[in-house]
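**Q** If it helps, the file is called entry-v2.pdb and holds PDB, C-alpha atoms:
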```pdb
ATOM      1  CA  MET U   1      13.118  69.699 -33.822  1.00  0.00           C
ATOM      2  CA  MET U   2      11.780  73.250 -33.596  1.00  0.00           C
ATOM      3  CA  LYS U   3       9.067  72.071 -31.213  1.00  0.00           C
ATOM      4  CA  LYS U   4      11.633  70.541 -28.812  1.00  0.00           C
ATOM      5  CA  LEU U   5      13.794  73.668 -28.960  1.00  0.00           C
ATOM      6  CA  SER U   6      10.786  75.910 -28.183  1.00  0.00           C
ATOM      7  CA  LEU U   7       9.746  73.711 -25.241  1.00  0.00           C
ATOM      8  CA  CYS U   8      13.308  73.734 -23.903  1.00  0.00           C
ATOM      9  CA  ALA U   9      13.506  77.553 -24.166  1.00  0.00           C
ATOM     10  CA  LEU U  10      10.105  77.907 -22.460  1.00  0.00           C
ATOM     11  CA  LEU U  11      11.205  75.597 -19.632  1.00  0.00           C
ATOM     12  CA  CYS U  12      14.446  77.560 -19.116  1.00  0.00           C
ATOM     13  CA  LEU U  13      12.533  80.847 -19.087  1.00  0.00           C
ATOM     14  CA  THR U  14      10.036  79.506 -16.524  1.00  0.00           C
ATOM     15  CA  ILE U  15      12.806  78.235 -14.260  1.00  0.00           C
ATOM     16  CA  SER U  16      14.716  81.534 -14.432  1.00  0.00           C
ATOM     17  CA  ILE U  17      11.582  83.555 -13.597  1.00  0.00           C
ATOM     18  CA  ALA U  18      10.772  81.259 -10.670  1.00  0.00           C
ATOM     19  CA  HIS U  19      14.337  81.516  -9.384  1.00  0.00           C
ATOM     20  CA  ALA U  20      14.341  85.316  -9.697  1.00  0.00           C
ATOM     21  CA  GLN U  21      11.069  85.586  -7.761  1.00  0.00           C
ATOM     22  CA  SER U  22      12.334  83.315  -4.981  1.00  0.00           C
ATOM     23  CA  ALA U  23      15.547  85.352  -4.690  1.00  0.00           C
ATOM     24  CA  ILE U  24      13.563  88.588  -4.434  1.00  0.00           C
ATOM     25  CA  SER U  25      11.248  87.312  -1.730  1.00  0.00           C
ATOM     26  CA  THR U  26      13.948  86.323   0.782  1.00  0.00           C
ATOM     27  CA  PRO U  27      13.738  88.493   3.916  1.00  0.00           C
ATOM     28  CA  ASP U  28      17.364  89.688   3.892  1.00  0.00           C
ATOM     29  CA  THR U  29      17.188  91.155   0.400  1.00  0.00           C
ATOM     30  CA  VAL U  30      13.762  92.762   0.515  1.00  0.00           C
ATOM     31  CA  LYS U  31      13.894  96.495   1.111  1.00  0.00           C
ATOM     32  CA  LYS U  32      10.846  98.629   1.406  1.00  0.00           C
ATOM     33  CA  ALA U  33      11.045 102.184   0.148  1.00  0.00           C
ATOM     34  CA  ASP U  34      10.762 103.678   3.644  1.00  0.00           C
ATOM     35  CA  SER U  35      12.921 101.153   5.504  1.00  0.00           C
ATOM     36  CA  VAL U  36      16.648 100.934   6.150  1.00  0.00           C
ATOM     37  CA  TYR U  37      18.617  97.720   5.809  1.00  0.00           C
ATOM     38  CA  VAL U  38      19.902  96.797   9.264  1.00  0.00           C
ATOM     39  CA  PRO U  39      22.774  94.288   9.502  1.00  0.00           C
ATOM     40  CA  TYR U  40      22.042  91.120  11.444  1.00  0.00           C
ATOM     41  CA  LYS U  41      24.161  92.005  14.488  1.00  0.00           C
ATOM     42  CA  TYR U  42      22.230  95.265  15.021  1.00  0.00           C
ATOM     43  CA  ARG U  43      18.694  93.898  14.553  1.00  0.00           C
ATOM     44  CA  ASP U  44      17.773  93.060  18.138  1.00  0.00           C
ATOM     45  CA  ILE U  45      19.688  95.655  20.135  1.00  0.00           C
ATOM     46  CA  HIS U  46      18.472  98.671  22.008  1.00  0.00           C
ATOM     47  CA  LYS U  47      19.607 102.240  21.563  1.00  0.00           C
ATOM     48  CA  ARG U  48      23.336 102.661  22.232  1.00  0.00           C
ATOM     49  CA  SER U  49      24.264 105.255  24.858  1.00  0.00           C
ATOM     50  CA  PRO U  50      27.158 107.463  23.678  1.00  0.00           C
ATOM     51  CA  VAL U  51      27.990 108.454  27.271  1.00  0.00           C
ATOM     52  CA  LEU U  52      28.182 104.841  28.432  1.00  0.00           C
ATOM     53  CA  ALA U  53      30.264 103.889  25.390  1.00  0.00           C
ATOM     54  CA  GLY U  54      32.710 106.703  26.151  1.00  0.00           C
ATOM     55  CA  LEU U  55      32.954 105.798  29.842  1.00  0.00           C
ATOM     56  CA  LEU U  56      33.517 102.127  29.050  1.00  0.00           C
ATOM     57  CA  SER U  57      36.295 103.082  26.626  1.00  0.00           C
ATOM     58  CA  LEU U  58      37.836 105.357  29.240  1.00  0.00           C
ATOM     59  CA  TYR U  59      37.818 102.505  31.763  1.00  0.00           C
ATOM     60  CA  ILE U  60      39.303  99.908  29.377  1.00  0.00           C
ATOM     61  CA  PRO U  61      40.012 100.936  25.780  1.00  0.00           C
ATOM     62  CA  GLY U  62      38.056  98.687  23.423  1.00  0.00           C
ATOM     63  CA  LEU U  63      35.194  98.057  25.856  1.00  0.00           C
ATOM     64  CA  GLY U  64      33.109 100.852  24.278  1.00  0.00           C
ATOM     65  CA  GLN U  65      33.631  99.307  20.846  1.00  0.00           C
ATOM     66  CA  LEU U  66      32.543  95.937  22.252  1.00  0.00           C
ATOM     67  CA  TYR U  67      29.427  97.653  23.655  1.00  0.00           C
ATOM     68  CA  ASN U  68      28.735  98.945  20.126  1.00  0.00           C
ATOM     69  CA  LYS U  69      28.969  95.367  18.747  1.00  0.00           C
ATOM     70  CA  GLN U  70      32.262  96.034  16.922  1.00  0.00           C
ATOM     71  CA  GLU U  71      34.252  93.004  18.048  1.00  0.00           C
ATOM     72  CA  LEU U  72      37.119  93.275  15.555  1.00  0.00           C
ATOM     73  CA  LYS U  73      37.739  96.959  16.277  1.00  0.00           C
ATOM     74  CA  ALA U  74      37.561  96.260  20.027  1.00  0.00           C
ATOM     75  CA  GLY U  75      40.142  93.492  19.695  1.00  0.00           C
ATOM     76  CA  ILE U  76      42.533  95.690  17.717  1.00  0.00           C
ATOM     77  CA  VAL U  77      42.227  98.633  20.120  1.00  0.00           C
ATOM     78  CA  PHE U  78      42.561  96.508  23.268  1.00  0.00           C
ATOM     79  CA  GLY U  79      45.398  94.447  21.765  1.00  0.00           C
ATOM     80  CA  THR U  80      47.346  97.581  20.852  1.00  0.00           C
ATOM     81  CA  TRP U  81      46.728  99.057  24.292  1.00  0.00           C
ATOM     82  CA  ALA U  82      47.716  95.944  26.232  1.00  0.00           C
ATOM     83  CA  LEU U  83      50.691  95.027  24.030  1.00  0.00           C
ATOM     84  CA  SER U  84      52.138  98.534  24.160  1.00  0.00           C
ATOM     85  CA  PHE U  85      51.823  98.722  27.937  1.00  0.00           C
ATOM     86  CA  GLY U  86      53.237  95.230  28.395  1.00  0.00           C
ATOM     87  CA  VAL U  87      56.271  95.821  26.168  1.00  0.00           C
ATOM     88  CA  ALA U  88      57.001  99.167  27.873  1.00  0.00           C
ATOM     89  CA  GLU U  89      56.727  97.521  31.292  1.00  0.00           C
ATOM     90  CA  VAL U  90      59.070  94.677  30.357  1.00  0.00           C
ATOM     91  CA  TYR U  91      61.563  97.107  28.835  1.00  0.00           C
ATOM     92  CA  ALA U  92      61.473  99.413  31.864  1.00  0.00           C
ATOM     93  CA  ASN U  93      62.005  96.541  34.322  1.00  0.00           C
ATOM     94  CA  ASN U  94      64.953  95.071  32.409  1.00  0.00           C
ATOM     95  CA  ARG U  95      67.038  98.250  32.327  1.00  0.00           C
ATOM     96  CA  PRO U  96      70.106  98.553  34.569  1.00  0.00           C
ATOM     97  CA  VAL U  97      69.672 100.073  38.022  1.00  0.00           C
ATOM     98  CA  TYR U  98      72.180 102.570  39.397  1.00  0.00           C
ATOM     99  CA  VAL U  99      72.611 102.835  43.148  1.00  0.00           C
ATOM    100  CA  THR U 100      73.992 106.135  44.405  1.00  0.00           C
ATOM    101  CA  GLY U 101      74.148 106.356  48.169  1.00  0.00           C
ATOM    102  CA  ASN U 102      70.727 105.363  49.537  1.00  0.00           C
ATOM    103  CA  LYS U 103      68.922 106.148  46.304  1.00  0.00           C
ATOM    104  CA  VAL U 104      68.023 103.660  43.532  1.00  0.00           C
ATOM    105  CA  ASP U 105      67.950 105.392  40.183  1.00  0.00           C
ATOM    106  CA  ARG U 106      66.669 104.069  36.876  1.00  0.00           C
ATOM    107  CA  PRO U 107      67.719 106.035  33.836  1.00  0.00           C
ATOM    108  CA  LYS U 108      64.903 107.769  31.996  1.00  0.00           C
ATOM    109  CA  ASP U 109      65.064 107.265  28.286  1.00  0.00           C
ATOM    110  CA  ALA U 110      62.983 107.977  25.227  1.00  0.00           C
ATOM    111  CA  VAL U 111      62.471 104.310  24.363  1.00  0.00           C
ATOM    112  CA  THR U 112      60.001 103.775  27.221  1.00  0.00           C
ATOM    113  CA  VAL U 113      58.087 106.880  26.169  1.00  0.00           C
ATOM    114  CA  ALA U 114      58.115 105.734  22.545  1.00  0.00           C
ATOM    115  CA  LEU U 115      56.768 102.343  23.584  1.00  0.00           C
ATOM    116  CA  LEU U 116      53.911 104.056  25.437  1.00  0.00           C
ATOM    117  CA  VAL U 117      52.850 106.192  22.443  1.00  0.00           C
ATOM    118  CA  PRO U 118      50.596 103.432  20.971  1.00  0.00           C
ATOM    119  CA  PHE U 119      49.136 102.986  24.482  1.00  0.00           C
ATOM    120  CA  ALA U 120      48.107 106.653  24.581  1.00  0.00           C
ATOM    121  CA  VAL U 121      46.927 106.684  20.961  1.00  0.00           C
ATOM    122  CA  ALA U 122      44.731 103.584  21.496  1.00  0.00           C
ATOM    123  CA  THR U 123      43.205 105.130  24.629  1.00  0.00           C
ATOM    124  CA  ILE U 124      42.450 108.466  22.962  1.00  0.00           C
ATOM    125  CA  TYR U 125      41.108 106.815  19.804  1.00  0.00           C
ATOM    126  CA  SER U 126      38.854 104.499  21.790  1.00  0.00           C
ATOM    127  CA  VAL U 127      37.419 107.289  23.962  1.00  0.00           C
ATOM    128  CA  ILE U 128      36.669 109.448  20.905  1.00  0.00           C
ATOM    129  CA  ASP U 129      35.464 106.689  18.570  1.00  0.00           C
ATOM    130  CA  ALA U 130      33.027 104.842  20.880  1.00  0.00           C
ATOM    131  CA  PRO U 131      30.526 107.717  21.504  1.00  0.00           C
ATOM    132  CA  ILE U 132      30.667 108.845  17.871  1.00  0.00           C
ATOM    133  CA  THR U 133      29.965 105.306  16.680  1.00  0.00           C
ATOM    134  CA  ALA U 134      27.127 104.863  19.191  1.00  0.00           C
ATOM    135  CA  SER U 135      25.469 108.060  17.940  1.00  0.00           C
ATOM    136  CA  ARG U 136      25.933 107.003  14.315  1.00  0.00           C
ATOM    137  CA  LEU U 137      24.429 103.557  14.979  1.00  0.00           C
ATOM    138  CA  ASN U 138      21.392 105.138  16.644  1.00  0.00           C
ATOM    139  CA  ARG U 139      20.917 107.556  13.758  1.00  0.00           C
ATOM    140  CA  VAL U 140      21.605 105.240  10.800  1.00  0.00           C
ATOM    141  CA  TYR U 141      19.840 102.107  11.999  1.00  0.00           C
ATOM    142  CA  HIS U 142      17.059 103.919  13.899  1.00  0.00           C
ATOM    143  CA  LEU U 143      17.856 102.105  17.114  1.00  0.00           C
ATOM    144  CA  GLY U 144      15.484 102.849  19.914  1.00  0.00           C
ATOM    145  CA  LYS U 145      13.597 101.158  22.631  1.00  0.00           C
ATOM    146  CA  LYS U 146      11.998  98.058  21.269  1.00  0.00           C
ATOM    147  CA  LYS U 147       8.279  97.713  21.838  1.00  0.00           C
ATOM    148  CA  ARG U 148       7.558  94.930  24.259  1.00  0.00           C
ATOM    149  CA  GLY U 149       4.864  92.576  23.245  1.00  0.00           C
ATOM    150  CA  LEU U 150       1.971  91.721  25.496  1.00  0.00           C
ATOM    151  CA  THR U 151       3.320  89.081  27.825  1.00  0.00           C
ATOM    152  CA  THR U 152       0.467  88.636  30.282  1.00  0.00           C
ATOM    153  CA  LEU U 153      -3.209  89.461  30.202  1.00  0.00           C
ATOM    154  CA  HIS U 154      -4.735  88.915  33.621  1.00  0.00           C
ATOM    155  CA  ILE U 155      -8.477  89.368  34.213  1.00  0.00           C
ATOM    156  CA  GLU U 156      -9.908  88.941  37.701  1.00  0.00           C
ATOM    157  CA  PRO U 157     -13.129  89.892  39.460  1.00  0.00           C
ATOM    158  CA  GLU U 158     -12.704  92.611  42.039  1.00  0.00           C
ATOM    159  CA  LEU U 159     -14.714  94.621  44.575  1.00  0.00           C
ATOM    160  CA  MET U 160     -14.336  98.224  43.474  1.00  0.00           C
ATOM    161  CA  ASN U 161     -16.227 100.191  46.139  1.00  0.00           C
ATOM    162  CA  ILE U 162     -17.080  98.735  49.502  1.00  0.00           C
ATOM    163  CA  SER U 163     -19.354 100.550  51.916  1.00  0.00           C
ATOM    164  CA  PRO U 164     -21.495  99.230  54.814  1.00  0.00           C
ATOM    165  CA  ASP U 165     -24.772  99.252  52.866  1.00  0.00           C
ATOM    166  CA  HIS U 166     -23.657  98.323  49.317  1.00  0.00           C
ATOM    167  CA  TYR U 167     -20.701  97.293  47.186  1.00  0.00           C
ATOM    168  CA  THR U 168     -19.749  97.596  43.530  1.00  0.00           C
ATOM    169  CA  ALA U 169     -18.236  94.668  41.720  1.00  0.00           C
ATOM    170  CA  GLY U 170     -16.071  94.969  38.644  1.00  0.00           C
ATOM    171  CA  VAL U 171     -13.369  93.377  36.614  1.00  0.00           C
ATOM    172  CA  SER U 172      -9.685  94.258  36.870  1.00  0.00           C
ATOM    173  CA  LEU U 173      -7.675  94.028  33.658  1.00  0.00           C
ATOM    174  CA  ILE U 174      -3.895  93.867  34.053  1.00  0.00           C
ATOM    175  CA  LEU U 175      -1.575  94.045  31.043  1.00  0.00           C
ATOM    176  CA  ARG U 176       2.095  93.243  31.529  1.00  0.00           C
TER
END
```
Please express the file's structure as structure tokens.
**A**
Amino acid sequence: MMKKLSLCALLCLTISIAHAQSAISTPDTVKKADSVYVPYKYRDIHKRSPVLAGLLSLYIPGLGQLYNKQELKAGIVFGTWALSFGVAEVYANNRPVYVTGNKVDRPKDAVTVALLVPFAVATIYSVIDAPITASRLNRVYHLGKKKRGLTTLHIEPELMNISPDHYTAGVSLILR
């Protein structure tokens, strides 16, 4: 009985050690002392330009966040921006129109302005957040230009120096 219990305990211990070693050796969980864990969506991207992120967000709020690979934040910012503008536009067009003489007058009220406040807030937030996030991504995840691998090695014979009485032959090595 004791022999079977010892063998069972030894088998369980061996399986747990093997499982622990396989869990440690997976590429997503291994961290070297000098490396930084980079999330999957930022692994194969180049350095983010803060200026471009800011300009994209100025053009259409949320586009700078999309450039920074932040899809959820981009959707929230753009949705707030578009919804606020759309609701304010619908409200402004459905108000009564007063005609006095030759002039068409729409009353100005605070509701239209209040409906445009989220529009302005989303625009300002997007323009400020996108460059700051791009700089932080570059700094935290050490984004930079990726080294291109050797794609083509082309070796061809070539005449290096041609003169009327002699010529020099050589080899041209082209790396691309």
**Q** At what distance in Å, to one decimal, does atom CA of Thr112 of chain U lie from atom CA of Tyr91 of chain U?
**A**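 Between atom CA of Tyr91 of chain U and atom CA of Thr112 of chain U the gap works out to 7.0 Å.
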**Q** Translate the PyMOL selection byres ((chain U and resi 75-83) around 12), as applied to the file shown, into an explicit residue set as an MDAnalysis selection string.
**A** chainID U and resid 57:66 69:74 84:90 115:127 129:130
**Q** Take the residues from that selection and put them in a file with C-alpha atoms, as a short mmCIF file (atom, residue, chain, number, x, y, z; two decimals), keeping the file's coordinate frame.
**A**
```
data_model
loop_
_atom_site.label_atom_id
_atom_site.label_comp_id
_atom_site.auth_asym_id
_atom_site.auth_seq_id
_atom_site.Cartn_x
_atom_site.Cartn_y
_atom_site.Cartn_z
CA SER U 57 36.30 103.08 26.63
CA LEU U 58 37.84 105.36 29.24
CA TYR U 59 37.82 102.50 31.76
CA ILE U 60 39.30 99.91 29.38
CA PRO U 61 40.01 100.94 25.78
CA GLY U 62 38.06 98.69 23.42
CA LEU U 63 35.19 98.06 25.86
CA GLY U 64 33.11 100.85 24.28
CA GLN U 65 33.63 99.31 20.85
CA LEU U 66 32.54 95.94 22.25
CA LYS U 69 28.97 95.37 18.75
CA GLN U 70 32.26 96.03 16.92
CA GLU U 71 34.25 93.00 18.05
CA LEU U 72 37.12 93.28 15.56
CA LYS U 73 37.74 96.96 16.28
CA ALA U 74 37.56 96.26 20.03
CA SER U 84 52.14 98.53 24.16
CA PHE U 85 51.82 98.72 27.94
CA GLY U 86 53.24 95.23 28.40
CA VAL U 87 56.27 95.82 26.17
CA ALA U 88 57.00 99.17 27.87
CA GLU U 89 56.73 97.52 31.29
CA VAL U 90 59.07 94.68 30.36
CA LEU U 115 56.77 102.34 23.58
CA LEU U 116 53.91 104.06 25.44
CA VAL U 117 52.85 106.19 22.44
CA PRO U 118 50.60 103.43 20.97
CA PHE U 119 49.14 102.99 24.48
CA ALA U 120 48.11 106.65 24.58
CA VAL U 121 46.93 106.68 20.96
CA ALA U 122 44.73 103.58 21.50
CA THR U 123 43.20 105.13 24.63
CA ILE U 124 42.45 108.47 22.96
CA TYR U 125 41.11 106.82 19.80
CA SER U 126 38.85 104.50 21.79
CA VAL U 127 37.42 107.29 23.96
CA ASP U 129 35.46 106.69 18.57
CA ALA U 130 33.03 104.84 20.88
#
```
**Q** Can you measure atom CA of Val38 of chain U to atom CA of Leu55 of chain U for me? One decimal in Å is fine.
**A** 26.0 Å
**Q** Given the file shown, enumerate the residues that the PyMOL selection byres ((chain U and resi 133) around 10) captures and present them as a list in words.
**A**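 So the PyMOL selection byres ((chain U and resi 133) around 10) ends up selecting Arg48, Ser49, Pro50, Ala53, Gly54, Gly64, Gln65, Asn68, Gln70, Ile128, Asp129, Ala130, Pro131, Ile132, Ala134, Ser135, Arg136, Leu137, Asn138 and Arg139 of chain U.
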